[in-house]
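K.L.:
For reference, this is final.tsv, and it has TSV, C-alpha atoms.
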```tsv
chain	number	residue	atom	x	y	z
A	1479	MET	CA	-6.89	-4.68	0.69
A	1480	ALA	CA	-3.30	-5.82	0.21
A	1481	SER	CA	-2.49	-9.46	0.76
A	1482	ARG	CA	-1.05	-10.85	3.97
A	1483	GLU	CA	2.44	-11.04	2.47
A	1484	ILE	CA	2.39	-7.39	1.42
A	1485	GLU	CA	0.99	-6.31	4.80
A	1486	GLY	CA	3.76	-8.29	6.48
A	1487	LEU	CA	6.46	-6.62	4.42
A	1488	THR	CA	4.97	-3.18	5.05
A	1489	GLN	CA	4.95	-3.81	8.80
A	1490	ALA	CA	8.51	-5.15	8.82
A	1491	LEU	CA	9.73	-2.06	6.96
A	1492	ALA	CA	7.64	0.32	9.11
A	1493	ARG	CA	9.51	-0.89	12.19
A	1494	LEU	CA	12.85	0.34	10.84
A	1495	PRO	CA	14.05	3.59	12.40
A	1496	GLY	CA	13.20	6.55	10.18
A	1497	LEU	CA	10.33	4.79	8.41
A	1498	GLY	CA	6.67	5.00	9.38
A	1499	PRO	CA	3.59	3.25	7.97
A	1500	ARG	CA	3.27	5.76	5.10
A	1501	SER	CA	6.85	5.64	3.92
A	1502	ALA	CA	6.93	1.87	4.40
A	1503	ARG	CA	3.96	1.58	2.06
A	1504	ARG	CA	5.69	3.79	-0.48
A	1505	ALA	CA	8.82	1.65	-0.17
A	1506	VAL	CA	6.84	-1.58	-0.68
A	1507	LEU	CA	5.21	-0.16	-3.81
A	1508	HIS	CA	8.61	0.87	-5.08
A	1509	LEU	CA	9.99	-2.62	-4.42
A	1510	MET	CA	7.04	-4.29	-6.16
A	1511	LYS	CA	7.21	-2.02	-9.17
A	1512	LYS	CA	10.97	-2.45	-9.54
A	1513	ARG	CA	11.26	-6.13	-8.95
A	1514	GLU	CA	14.59	-6.62	-10.66
A	1515	GLY	CA	16.06	-3.23	-9.85
A	1516	ALA	CA	15.08	-2.99	-6.19
A	1517	LEU	CA	13.35	-6.02	-4.72
A	1518	GLU	CA	15.82	-8.69	-5.82
A	1519	PRO	CA	18.97	-6.70	-4.89
A	1520	LEU	CA	17.58	-5.84	-1.45
A	1521	LEU	CA	16.62	-9.46	-0.86
A	1522	ALA	CA	20.07	-10.70	-1.88
A	1523	ALA	CA	21.79	-8.08	0.29
A	1524	LEU	CA	19.68	-8.98	3.31
A	1525	GLN	CA	20.30	-12.68	2.79
A	1526	SER	CA	24.03	-12.25	2.59
A	1527	VAL	CA	24.14	-10.11	5.75
A	1528	ALA	CA	21.83	-12.47	7.63
A	1529	ALA	CA	23.94	-15.46	6.65
A	1530	ASN	CA	27.21	-13.97	7.85
A	1531	LEU	CA	26.31	-11.56	10.64
A	1532	SER	CA	28.46	-11.88	13.74
A	1533	THR	CA	29.69	-9.89	16.71
A	1534	CYS	CA	33.45	-9.42	16.68
A	1535	SER	CA	34.84	-11.38	19.60
A	1536	THR	CA	37.73	-8.92	19.92
A	1537	CYS	CA	36.06	-5.51	19.86
A	1538	GLY	CA	32.29	-6.09	19.90
A	1539	ASN	CA	31.70	-4.54	16.46
A	1540	LEU	CA	28.96	-6.01	14.26
A	1541	ASP	CA	30.20	-7.30	10.92
A	1542	THR	CA	29.82	-10.16	8.49
A	1543	ARG	CA	33.01	-11.76	9.77
A	1544	ASP	CA	34.78	-12.38	13.09
A	1545	PRO	CA	37.24	-10.79	13.70
A	1546	CYS	CA	35.64	-7.75	12.07
A	1547	ALA	CA	37.17	-5.86	9.14
A	1548	ILE	CA	38.76	-3.31	11.47
A	1549	CYS	CA	40.31	-5.85	13.85
A	1550	ALA	CA	41.54	-7.89	10.87
A	1551	ASP	CA	43.07	-4.90	9.05
A	1552	PRO	CA	46.89	-5.13	9.35
A	1553	ARG	CA	47.29	-1.43	8.50
A	1554	ARG	CA	45.51	-0.36	11.68
A	1555	ASP	CA	47.60	0.96	14.56
A	1556	ASP	CA	47.60	-1.61	17.38
A	1557	LYS	CA	48.89	0.96	19.85
A	1558	SER	CA	45.73	3.14	19.90
A	1559	LEU	CA	42.40	1.94	21.22
A	1560	CYS	CA	39.20	3.97	21.01
A	1561	VAL	CA	36.43	2.98	23.43
A	1562	VAL	CA	32.83	3.70	22.35
A	1563	GLU	CA	29.42	2.98	23.83
A	1564	GLU	CA	27.69	1.48	20.81
A	1565	VAL	CA	28.44	0.04	17.38
A	1566	ALA	CA	26.72	3.11	15.89
A	1567	ASP	CA	29.34	5.31	17.58
A	1568	LEU	CA	32.15	3.20	16.11
A	1569	TRP	CA	30.68	3.58	12.63
A	1570	ALA	CA	30.21	7.33	13.07
A	1571	LEU	CA	33.79	7.83	14.25
A	1572	ASP	CA	35.26	5.57	11.62
A	1573	ARG	CA	33.47	7.43	8.83
A	1574	SER	CA	35.59	10.46	9.73
A	1575	ARG	CA	38.67	8.32	8.85
A	1576	LEU	CA	40.69	10.25	11.41
A	1577	PHE	CA	41.36	7.53	13.94
A	1578	PRO	CA	43.98	5.05	12.73
A	1579	GLY	CA	43.76	2.60	15.64
A	1580	ARG	CA	41.40	-0.10	16.84
A	1581	TYR	CA	38.07	0.10	18.66
A	1582	HIS	CA	36.35	-1.37	21.66
A	1583	VAL	CA	32.55	-1.40	21.90
A	1584	LEU	CA	31.15	-1.43	25.43
A	1585	GLY	CA	27.63	-2.23	24.31
A	1586	GLY	CA	26.03	0.54	26.37
A	1587	ARG	CA	26.68	2.98	29.17
A	1588	LEU	CA	26.53	2.84	32.95
A	1589	SER	CA	23.07	3.89	34.07
A	1590	ALA	CA	21.69	3.79	37.60
A	1591	LEU	CA	18.25	4.54	36.17
A	1592	GLU	CA	18.26	1.58	33.79
A	1593	GLY	CA	20.17	-0.61	36.22
A	1594	ILE	CA	23.16	-1.05	33.91
A	1595	ARG	CA	26.25	-1.91	35.97
A	1596	PRO	CA	29.90	-2.32	34.97
A	1597	GLU	CA	29.52	-6.10	34.69
A	1598	ASP	CA	26.75	-5.62	32.08
A	1599	LEU	CA	29.16	-3.88	29.70
A	1600	GLY	CA	32.29	-5.09	27.93
A	1601	ILE	CA	34.51	-3.45	30.55
A	1602	ASP	CA	36.30	-6.56	31.78
A	1603	ARG	CA	37.17	-7.42	28.17
A	1604	LEU	CA	38.51	-3.88	27.75
A	1605	VAL	CA	40.66	-4.10	30.88
A	1606	ALA	CA	41.95	-7.48	29.70
A	1607	ARG	CA	42.88	-6.02	26.30
A	1608	VAL	CA	44.78	-3.17	27.94
A	1609	ALA	CA	46.39	-5.49	30.50
A	1610	ALA	CA	47.66	-7.70	27.65
A	1611	GLY	CA	49.98	-4.80	26.74
A	1612	GLY	CA	51.01	-3.21	23.48
A	1613	ILE	CA	48.54	-0.31	23.82
A	1614	ASP	CA	49.95	3.21	24.26
A	1615	GLU	CA	46.78	5.29	24.22
A	1616	VAL	CA	43.15	4.69	25.09
A	1617	VAL	CA	40.68	7.28	23.80
A	1618	LEU	CA	37.46	7.42	25.78
A	1619	ALA	CA	34.90	8.39	23.13
A	1620	MET	CA	31.74	8.34	25.22
A	1621	ASN	CA	28.71	10.45	24.39
A	1622	ALA	CA	28.68	13.92	25.97
A	1623	THR	CA	25.74	12.90	28.17
A	1624	LEU	CA	25.62	12.49	31.93
A	1625	GLU	CA	25.69	8.71	31.60
A	1626	GLY	CA	28.39	8.73	28.95
A	1627	GLN	CA	30.60	10.91	31.10
A	1628	THR	CA	29.93	8.77	34.19
A	1629	THR	CA	31.03	5.76	32.16
A	1630	ALA	CA	34.18	7.56	31.00
A	1631	HIS	CA	34.96	8.49	34.60
A	1632	TYR	CA	34.54	4.90	35.73
A	1633	LEU	CA	36.72	3.61	32.89
A	1634	ALA	CA	39.41	6.16	33.72
A	1635	GLU	CA	39.54	4.77	37.27
A	1636	ARG	CA	39.70	1.18	36.08
A	1637	LEU	CA	42.48	1.93	33.57
A	1638	ASP	CA	44.47	4.23	35.86
A	1639	LYS	CA	46.96	1.55	36.91
A	1640	PHE	CA	48.16	0.82	33.35
A	1641	PRO	CA	51.11	2.67	31.75
A	1642	ILE	CA	48.96	4.22	29.00
A	1643	ARG	CA	47.95	7.68	27.85
A	1644	LEU	CA	44.26	8.09	28.63
A	1645	THR	CA	42.44	10.75	26.57
A	1646	GLN	CA	38.88	11.77	25.84
A	1647	LEU	CA	37.18	13.59	22.98
A	1648	ALA	CA	37.27	17.39	23.19
A	1649	HIS	CA	34.10	19.16	24.26
A	1650	GLY	CA	33.20	22.58	22.92
A	1651	LEU	CA	31.49	24.33	20.06
A	1652	PRO	CA	30.29	22.03	17.27
A	1653	VAL	CA	31.26	23.09	13.74
A	1654	GLY	CA	28.79	25.73	12.58
A	1655	GLY	CA	27.59	26.26	16.14
A	1656	GLU	CA	26.34	29.76	16.92
A	1657	LEU	CA	26.85	30.92	20.48
A	1658	ASP	CA	23.36	32.35	20.58
A	1659	TYR	CA	21.79	28.96	19.92
A	1660	LEU	CA	24.03	26.72	22.04
A	1661	ASP	CA	23.11	25.56	25.52
A	1662	GLU	CA	24.90	26.84	28.60
A	1663	GLY	CA	26.54	23.50	29.28
A	1664	THR	CA	28.29	23.53	25.90
A	1665	LEU	CA	29.32	27.17	26.30
A	1666	ALA	CA	30.68	26.46	29.79
A	1667	GLN	CA	32.73	23.52	28.43
A	1668	ALA	CA	34.02	25.57	25.52
A	1669	LEU	CA	35.05	28.40	27.83
A	1670	ARG	CA	36.63	26.12	30.42
A	1671	ALA	CA	38.67	24.32	27.73
A	1672	ARG	CA	39.70	27.52	25.89
A	1673	ARG	CA	43.03	27.38	24.12
A	1674	PRO	CA	45.68	29.94	23.24
A	1675	VAL	CA	45.19	31.40	19.78
A	1676	GLY	CA	47.60	30.49	16.95
B	1001	MET	CA	35.13	0.21	7.07
B	1002	ALA	CA	32.05	-1.98	6.91
B	1003	SER	CA	32.24	-5.17	4.90
B	1004	ARG	CA	31.05	-5.48	1.31
B	1005	GLU	CA	27.84	-7.22	2.40
B	1006	ILE	CA	26.93	-4.45	4.85
B	1007	GLU	CA	27.76	-1.76	2.28
B	1008	GLY	CA	25.56	-3.57	-0.22
B	1009	LEU	CA	22.63	-3.71	2.16
B	1010	THR	CA	23.07	-0.05	3.07
B	1011	GLN	CA	23.04	0.93	-0.59
B	1012	ALA	CA	20.00	-1.22	-1.38
B	1013	LEU	CA	18.08	0.39	1.49
B	1014	ALA	CA	19.28	3.90	0.62
B	1015	ARG	CA	17.65	3.58	-2.79
B	1016	LEU	CA	14.19	3.17	-1.26
B	1017	PRO	CA	12.03	6.29	-1.46
B	1018	GLY	CA	12.15	8.21	1.82
B	1019	LEU	CA	15.49	6.76	2.89
B	1020	GLY	CA	18.89	8.34	2.31
B	1021	PRO	CA	22.41	7.12	3.09
B	1022	ARG	CA	22.20	8.23	6.73
B	1023	SER	CA	18.86	6.65	7.54
B	1024	ALA	CA	19.81	3.53	5.58
B	1025	ARG	CA	22.89	3.17	7.79
B	1026	ARG	CA	20.76	3.58	10.89
B	1027	ALA	CA	18.35	0.97	9.54
B	1028	VAL	CA	21.18	-1.50	8.82
B	1029	LEU	CA	22.54	-1.07	12.35
B	1030	HIS	CA	19.06	-1.63	13.72
B	1031	LEU	CA	18.68	-4.79	11.62
B	1032	MET	CA	22.08	-6.11	12.71
B	1033	LYS	CA	21.47	-5.41	16.37
B	1034	LYS	CA	18.00	-7.00	16.31
B	1035	ARG	CA	18.72	-10.04	14.26
B	1036	GLU	CA	15.77	-12.09	15.44
B	1037	GLY	CA	13.36	-9.23	15.98
B	1038	ALA	CA	14.00	-7.24	12.80
B	1039	LEU	CA	16.43	-8.82	10.32
B	1040	GLU	CA	14.87	-12.27	10.11
B	1041	PRO	CA	11.23	-11.03	9.89
B	1042	LEU	CA	12.12	-8.51	7.16
B	1043	LEU	CA	14.01	-11.16	5.23
B	1044	ALA	CA	11.11	-13.61	5.46
B	1045	ALA	CA	8.60	-10.94	4.43
B	1046	LEU	CA	10.69	-9.91	1.43
B	1047	GLN	CA	11.17	-13.51	0.37
B	1048	SER	CA	7.48	-14.25	0.49
B	1049	VAL	CA	6.59	-11.15	-1.53
B	1050	ALA	CA	9.35	-11.80	-4.06
B	1051	ALA	CA	8.22	-15.39	-4.50
B	1052	ASN	CA	4.58	-14.50	-5.17
B	1053	LEU	CA	4.61	-11.03	-6.71
B	1054	SER	CA	2.47	-10.66	-9.77
B	1055	THR	CA	0.55	-8.07	-11.77
B	1056	CYS	CA	-3.19	-8.72	-11.77
B	1057	SER	CA	-4.13	-9.66	-15.33
B	1058	THR	CA	-7.60	-8.20	-14.82
B	1059	CYS	CA	-6.98	-4.78	-13.27
B	1060	GLY	CA	-3.20	-4.21	-13.33
B	1061	ASN	CA	-2.86	-4.08	-9.52
B	1062	LEU	CA	0.31	-5.49	-7.93
B	1063	ASP	CA	-0.32	-8.30	-5.48
B	1064	THR	CA	1.00	-11.65	-4.38
B	1065	ARG	CA	-1.70	-13.43	-6.39
B	1066	ASP	CA	-3.40	-13.13	-9.79
B	1067	PRO	CA	-6.26	-12.18	-9.84
B	1068	CYS	CA	-5.47	-9.74	-7.03
B	1069	ALA	CA	-7.28	-9.70	-3.69
B	1070	ILE	CA	-9.67	-6.99	-4.90
B	1071	CYS	CA	-10.60	-8.69	-8.18
B	1072	ALA	CA	-11.01	-12.00	-6.35
B	1073	ASP	CA	-13.21	-10.57	-3.58
B	1074	PRO	CA	-16.81	-11.71	-4.19
B	1075	ARG	CA	-18.19	-8.95	-1.92
B	1076	ARG	CA	-16.98	-6.25	-4.30
B	1077	ASP	CA	-19.53	-4.53	-6.54
B	1078	ASP	CA	-18.97	-5.64	-10.15
B	1079	LYS	CA	-21.08	-2.75	-11.44
B	1080	SER	CA	-18.66	0.05	-10.43
B	1081	LEU	CA	-15.22	0.46	-11.92
B	1082	CYS	CA	-12.70	3.05	-10.71
B	1083	VAL	CA	-9.91	3.94	-13.15
B	1084	VAL	CA	-6.60	5.14	-11.66
B	1085	GLU	CA	-3.21	6.06	-13.08
B	1086	GLU	CA	-0.97	4.03	-10.82
B	1087	VAL	CA	-1.07	1.18	-8.31
B	1088	ALA	CA	-0.19	3.74	-5.62
B	1089	ASP	CA	-3.43	5.60	-6.42
B	1090	LEU	CA	-5.43	2.38	-6.12
B	1091	TRP	CA	-3.90	1.72	-2.70
B	1092	ALA	CA	-4.55	5.29	-1.55
B	1093	LEU	CA	-8.20	5.21	-2.64
B	1094	ASP	CA	-8.81	1.76	-1.25
B	1095	ARG	CA	-7.45	2.77	2.15
B	1096	SER	CA	-10.38	5.17	2.43
B	1097	ARG	CA	-12.67	2.09	2.16
B	1098	LEU	CA	-15.32	4.25	0.51
B	1099	PHE	CA	-15.35	2.71	-2.94
B	1100	PRO	CA	-17.10	-0.68	-3.00
B	1101	GLY	CA	-16.36	-1.57	-6.63
B	1102	ARG	CA	-13.42	-2.79	-8.68
B	1103	TYR	CA	-10.39	-0.96	-10.04
B	1104	HIS	CA	-8.51	-0.55	-13.28
B	1105	VAL	CA	-4.86	0.58	-13.27
B	1106	LEU	CA	-3.71	2.38	-16.44
B	1107	GLY	CA	-0.04	2.24	-15.51
B	1108	GLY	CA	0.56	5.94	-16.19
B	1109	ARG	CA	-0.96	8.99	-17.81
B	1110	LEU	CA	-0.95	10.44	-21.31
B	1111	SER	CA	2.00	12.77	-21.70
B	1112	ALA	CA	3.14	14.49	-24.85
B	1113	LEU	CA	6.29	15.55	-23.02
B	1114	GLU	CA	7.26	12.01	-22.04
B	1115	GLY	CA	5.89	10.53	-25.26
B	1116	ILE	CA	3.30	8.38	-23.53
B	1117	ARG	CA	0.46	7.59	-25.94
B	1118	PRO	CA	-2.87	5.78	-25.41
B	1119	GLU	CA	-1.43	2.50	-26.65
B	1120	ASP	CA	1.25	2.65	-23.91
B	1121	LEU	CA	-1.40	2.53	-21.19
B	1122	GLY	CA	-3.94	-0.13	-20.24
B	1123	ILE	CA	-6.67	1.72	-22.13
B	1124	ASP	CA	-7.60	-1.01	-24.61
B	1125	ARG	CA	-7.97	-3.43	-21.71
B	1126	LEU	CA	-10.22	-0.89	-19.98
B	1127	VAL	CA	-12.40	-0.43	-23.06
B	1128	ALA	CA	-12.62	-4.22	-23.42
B	1129	ARG	CA	-13.72	-4.57	-19.78
B	1130	VAL	CA	-16.42	-1.94	-20.24
B	1131	ALA	CA	-17.48	-3.40	-23.60
B	1132	ALA	CA	-17.90	-6.81	-21.97
B	1133	GLY	CA	-20.85	-5.32	-20.12
B	1134	GLY	CA	-22.15	-5.52	-16.54
B	1135	ILE	CA	-20.61	-2.18	-15.56
B	1136	ASP	CA	-22.97	0.69	-14.64
B	1137	GLU	CA	-20.53	3.35	-13.55
B	1138	VAL	CA	-16.92	4.21	-14.39
B	1139	VAL	CA	-15.21	6.64	-12.00
B	1140	LEU	CA	-12.27	8.46	-13.57
B	1141	ALA	CA	-9.94	8.97	-10.60
B	1142	MET	CA	-7.01	10.65	-12.33
B	1143	ASN	CA	-4.67	13.03	-10.55
B	1144	ALA	CA	-5.72	16.68	-10.61
B	1145	THR	CA	-2.74	17.51	-12.83
B	1146	LEU	CA	-2.76	18.67	-16.42
B	1147	GLU	CA	-1.73	15.24	-17.64
B	1148	GLY	CA	-4.16	13.44	-15.38
B	1149	GLN	CA	-7.02	15.57	-16.62
B	1150	THR	CA	-5.96	15.14	-20.25
B	1151	THR	CA	-6.04	11.40	-19.68
B	1152	ALA	CA	-9.49	11.61	-18.09
B	1153	HIS	CA	-10.73	13.63	-21.04
B	1154	TYR	CA	-9.38	11.08	-23.50
B	1155	LEU	CA	-10.93	8.20	-21.55
B	1156	ALA	CA	-14.28	10.00	-21.46
B	1157	GLU	CA	-14.24	10.17	-25.26
B	1158	ARG	CA	-13.30	6.52	-25.63
B	1159	LEU	CA	-16.02	5.39	-23.19
B	1160	ASP	CA	-18.70	7.75	-24.46
B	1161	LYS	CA	-20.37	5.15	-26.65
B	1162	PHE	CA	-21.13	2.76	-23.80
B	1163	PRO	CA	-24.35	2.90	-21.76
B	1164	ILE	CA	-22.58	3.75	-18.49
B	1165	ARG	CA	-22.54	6.59	-15.98
B	1166	LEU	CA	-19.16	8.29	-16.31
B	1167	THR	CA	-18.05	10.28	-13.26
B	1168	GLN	CA	-14.88	11.88	-11.94
B	1169	LEU	CA	-13.57	12.80	-8.51
B	1170	ALA	CA	-14.76	16.16	-7.20
B	1171	HIS	CA	-12.28	19.02	-7.29
B	1172	GLY	CA	-12.29	21.73	-4.64
B	1173	LEU	CA	-10.94	22.58	-1.21
B	1174	PRO	CA	-8.98	19.79	0.48
B	1175	VAL	CA	-9.98	19.05	4.08
B	1176	GLY	CA	-8.27	21.58	6.35
B	1177	GLY	CA	-7.51	23.80	3.37
B	1178	GLU	CA	-7.34	27.52	4.15
B	1179	LEU	CA	-8.38	29.81	1.32
B	1180	ASP	CA	-5.47	32.08	2.03
B	1181	TYR	CA	-2.96	29.30	1.34
B	1182	LEU	CA	-4.61	27.58	-1.62
B	1183	ASP	CA	-3.62	28.23	-5.22
B	1184	GLU	CA	-5.88	30.08	-7.61
B	1185	GLY	CA	-6.58	26.97	-9.67
B	1186	THR	CA	-8.04	25.14	-6.67
B	1187	LEU	CA	-10.06	28.19	-5.66
B	1188	ALA	CA	-11.40	28.57	-9.19
B	1189	GLN	CA	-12.44	24.90	-9.26
B	1190	ALA	CA	-14.08	25.16	-5.85
B	1191	LEU	CA	-15.99	28.27	-6.88
B	1192	ARG	CA	-17.04	26.86	-10.24
B	1193	ALA	CA	-18.28	23.65	-8.64
B	1194	ARG	CA	-20.05	25.39	-5.74
B	1195	ARG	CA	-23.11	23.63	-4.38
B	1196	PRO	CA	-26.32	24.76	-2.68
B	1197	VAL	CA	-26.05	24.77	1.12
B	1198	GLY	CA	-27.93	22.17	3.19
```
With the file now loaded, output its structure as structure tokens.

P.N.:
Amino acid sequence: MASREIEGLTQALARLPGLGPRSARRAVLHLMKKREGALEPLLAALQSVAANLSTCSTCGNLDTRDPCAICADPRRDDKSLCVVEEVADLWALDRSRLFPGRYHVLGGRLSALEGIRPEDLGIDRLVARVAAGGIDEVVLAMNATLEGQTTAHYLAERLDKFPIRLTQLAHGLPVGGELDYLDEGTLAQALRARRPVG
Amino acid sequence: MASREIEGLTQALARLPGLGPRSARRAVLHLMKKREGALEPLLAALQSVAANLSTCSTCGNLDTRDPCAICADPRRDDKSLCVVEEVADLWALDRSRLFPGRYHVLGGRLSALEGIRPEDLGIDRLVARVAAGGIDEVVLAMNATLEGQTTAHYLAERLDKFPIRLTQLAHGLPVGGELDYLDEGTLAQALRARRPVG
């Protein structure tokens, strides 16, 4: 019923995470009905990202410039480096605005199952950054999954020889977590890492 | 943290129906990570829709050509005309592929509350189409809301003088509807419009 162009746009939108065929159709209708308020701004925004998109050659972040906004920011603390698996993790952490330092994106995690080995990740670049000096602390901010923790363990071994403080994110109860609903693994971690009160 | 361009794209996506700030961010990351597989195709699809978007001067449908694909299709039955409130309704009905005729989009519904009067809708154009002749049946496919039904009633009066069959969509139980969960209005309609078995 709809023309080839509209079908094409619907399919392109339906492939985005969080959108299916139904919501993509609704989005296309919205865009077509609000040409100046929605379609044109989205088009311009996409064009400007597509024209400038690049991977930061320092940290592996995705941005519209290289070095990325974080690496280029002079107010950031050069002495702290936070290592994450993916760009999405960097964005999530940075939204909390609690980490003042710089980041390093590995681009994945070690996985025997998927055949991902150390040389497939940005680990050599990480070691080189640390070896270059000037870094006091490296925070290993891997996911709390088996593969994330394996990766953290491997990184800890590789970075052991440098005079840095090596830390990792705390594991335990998430905010709002109710004991009754949490898995045993989380409870075991929370108990093992219990801290004195006050 | 993210650059102005990325923020802009996130905001443009977040304004689409069905997407919020979180899912827009996930979508932007997806687009940036899959430049060739997702970003470029979406950009091209948007560009081609934006370049060709038009409102069909015959029926009011939105398409990338005028007359729209439905009005231009010679296999469609010129004798049946289905009147809908919005383009979204046309799309929904046409997906069922059960109506072989043409459509007419009013662009809204009569509403005392919102101050929408007959002259604000494509009603004169509808009357002109019917007056031009060649139409045997007009299906009033308004929403089963108070305003939709008011609009249908008004249209029925306006079209009464023409030698056409005037019909409306059946009201009753939706497929999968359980009596226990349906509202009294629907049950009343279903009972009032009951039909002989077999």

K.L.:
Taking all atoms listed in the file into account, produce a table as a tab-separated table in which each residue of chain A with an atom at most 8 Å from an atom of chain B appears once, together with its shortest atom pair and the distance in Å to one decimal, ordered by chain and rising number.

P.N.:
```
residue	atom	partner	partner_atom	distance
A:Met1479	CA	B:Ile1070	CA	6.7
A:Ala1480	CA	B:Ala1069	CA	6.8
A:Ser1481	CA	B:Ala1069	CA	6.5
A:Glu1483	CA	B:Val1049	CA	5.8
A:Ile1484	CA	B:Val1049	CA	6.4
A:Gly1486	CA	B:Ala1045	CA	5.9
A:Leu1487	CA	B:Ala1045	CA	4.8
A:Ala1490	CA	B:Leu1042	CA	5.2
A:Leu1491	CA	B:Leu1042	CA	6.9
A:Arg1493	CA	B:Ala1038	CA	7.8
A:Leu1494	CA	B:Ala1027	CA	5.7
A:Pro1495	CA	B:Ala1027	CA	5.8
A:Gly1496	CA	B:Ser1023	CA	6.2
A:Leu1497	CA	B:Gly1018	CA	7.6
A:Ser1501	CA	B:Gly1018	CA	6.3
A:Arg1504	CA	B:Pro1017	CA	6.9
A:Ala1505	CA	B:Leu1016	CA	5.7
A:Leu1507	CA	B:Ala1088	CA	6.9
A:His1508	CA	B:Leu1016	CA	7.1
A:Leu1509	CA	B:Leu1016	CA	7.8
A:Met1510	CA	B:Leu1062	CA	7.1
A:Lys1511	CA	B:Leu1062	CA	7.8
A:Arg1513	CA	B:Ala1050	CA	7.7
A:Ala1516	CA	B:Ala1012	CA	7.1
A:Leu1517	CA	B:Ala1050	CA	7.1
A:Glu1518	CA	B:Ala1050	CA	7.4
A:Pro1519	CA	B:Ala1012	CA	6.6
A:Leu1520	CA	B:Ala1012	CA	5.2
A:Leu1521	CA	B:Leu1046	CA	6.4
A:Ala1523	CA	B:Leu1009	CA	4.8
A:Leu1524	CA	B:Leu1009	CA	6.1
A:Gln1525	CA	B:Leu1043	CA	6.9
A:Ser1526	CA	B:Glu1005	CA	6.3
A:Val1527	CA	B:Glu1005	CA	5.8
A:Ala1528	CA	B:Leu1039	CA	7.1
A:Leu1531	CA	B:Met1032	CA	7.2
A:Leu1540	CA	B:Met1032	CA	7.1
A:Asp1541	CA	B:Ser1003	CA	6.7
A:Thr1542	CA	B:Ser1003	CA	6.6
A:Ala1547	CA	B:Ser1003	CA	6.5
A:Ile1548	CA	B:Met1001	CA	6.7
A:Val1565	CA	B:Leu1029	CA	7.8
A:Ala1566	CA	B:Leu1029	CA	6.9
A:Trp1569	CA	B:Met1001	CA	7.9
A:Asp1572	CA	B:Met1001	CA	7.0
A:Arg1573	CA	B:Met1001	CA	7.6
```

K.L.:
What is the CA of Val1139 (chain B) to CA of Lys1079 (chain B) distance in Å?

P.N.:
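These atoms are spaced 11.1 Å apart.
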
K.L.:
Neighbours of Leu1081 (chain B) within 9 Å (only C-alpha atoms; same-chain residues fewer than 6 positions away dropped), as a list in words?

P.N.:
Gly1101, Arg1102, Tyr1103, His1104, Val1130, Ile1135, Asp1136, Glu1137, Val1138, Val1139 and Leu1140 of chain B

K.L.:
Just the selected residues (C-alpha atoms), exported as a PDB file, in the coordinates of the input, please.

P.N.:
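Produced file result-v6.pdb, reproduced below:
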```pdb
ATOM      1  CA  GLY B1101     -16.360  -1.570  -6.630  1.00  0.00           C
ATOM      2  CA  ARG B1102     -13.420  -2.790  -8.680  1.00  0.00           C
ATOM      3  CA  TYR B1103     -10.390  -0.960 -10.040  1.00  0.00           C
ATOM      4  CA  HIS B1104      -8.510  -0.550 -13.280  1.00  0.00           C
ATOM      5  CA  VAL B1130     -16.420  -1.940 -20.240  1.00  0.00           C
ATOM      6  CA  ILE B1135     -20.610  -2.180 -15.560  1.00  0.00           C
ATOM      7  CA  ASP B1136     -22.970   0.690 -14.640  1.00  0.00           C
ATOM      8  CA  GLU B1137     -20.530   3.350 -13.550  1.00  0.00           C
ATOM      9  CA  VAL B1138     -16.920   4.210 -14.390  1.00  0.00           C
ATOM     10  CA  VAL B1139     -15.210   6.640 -12.000  1.00  0.00           C
ATOM     11  CA  LEU B1140     -12.270   8.460 -13.570  1.00  0.00           C
TER      12      LEU B1140
END
```

K.L.:
Counting all atoms listed in the file, figure out which residue out of B:Cys1082, B:Ala1141, B:Ile1123, B:Ala1188 gets nearest to Glu1157 (chain B).

P.N.:
B:Ile1123

K.L.:
Report, in Å to a single decimal, how far apart CA of Gly1585 (chain A) and CA of Leu1633 (chain A) are.

P.N.:
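Pair CA of Leu1633 (chain A) / CA of Gly1585 (chain A) returns 13.8 Å.
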
K.L.:
Quick one: of A:Gly1586, A:Pro1641, A:Pro1652, A:Pro1552, who's nearest to Gly1600 (chain A), counting only C-alpha atoms?

P.N.:
A:Gly1586

K.L.:
Give me, please, the distance in Å between CA of Gln1627 (chain A) and CA of Ala1648 (chain A), quoted to one decimal.

P.N.:
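Distance between the two atoms: 12.2 Å.
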
K.L.:
Would you please work out which residue, of B:Glu1114, B:Asp1180, B:Asp1077, B:Asp1089, is nearest to Glu1147 (chain B) when using all atoms listed in the file?

P.N.:
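Nearest to Glu1147 (chain B): B:Glu1114.
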
K.L.:
For a quick check of understanding, using all atoms listed in the file, which of B:Leu1106, B:Lys1161, B:Thr1058, B:Met1142 has the smallest distance to Glu1119 (chain B)?

P.N.:
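Looking at the shortest contact to Glu1119 (chain B), the residue is B:Leu1106.
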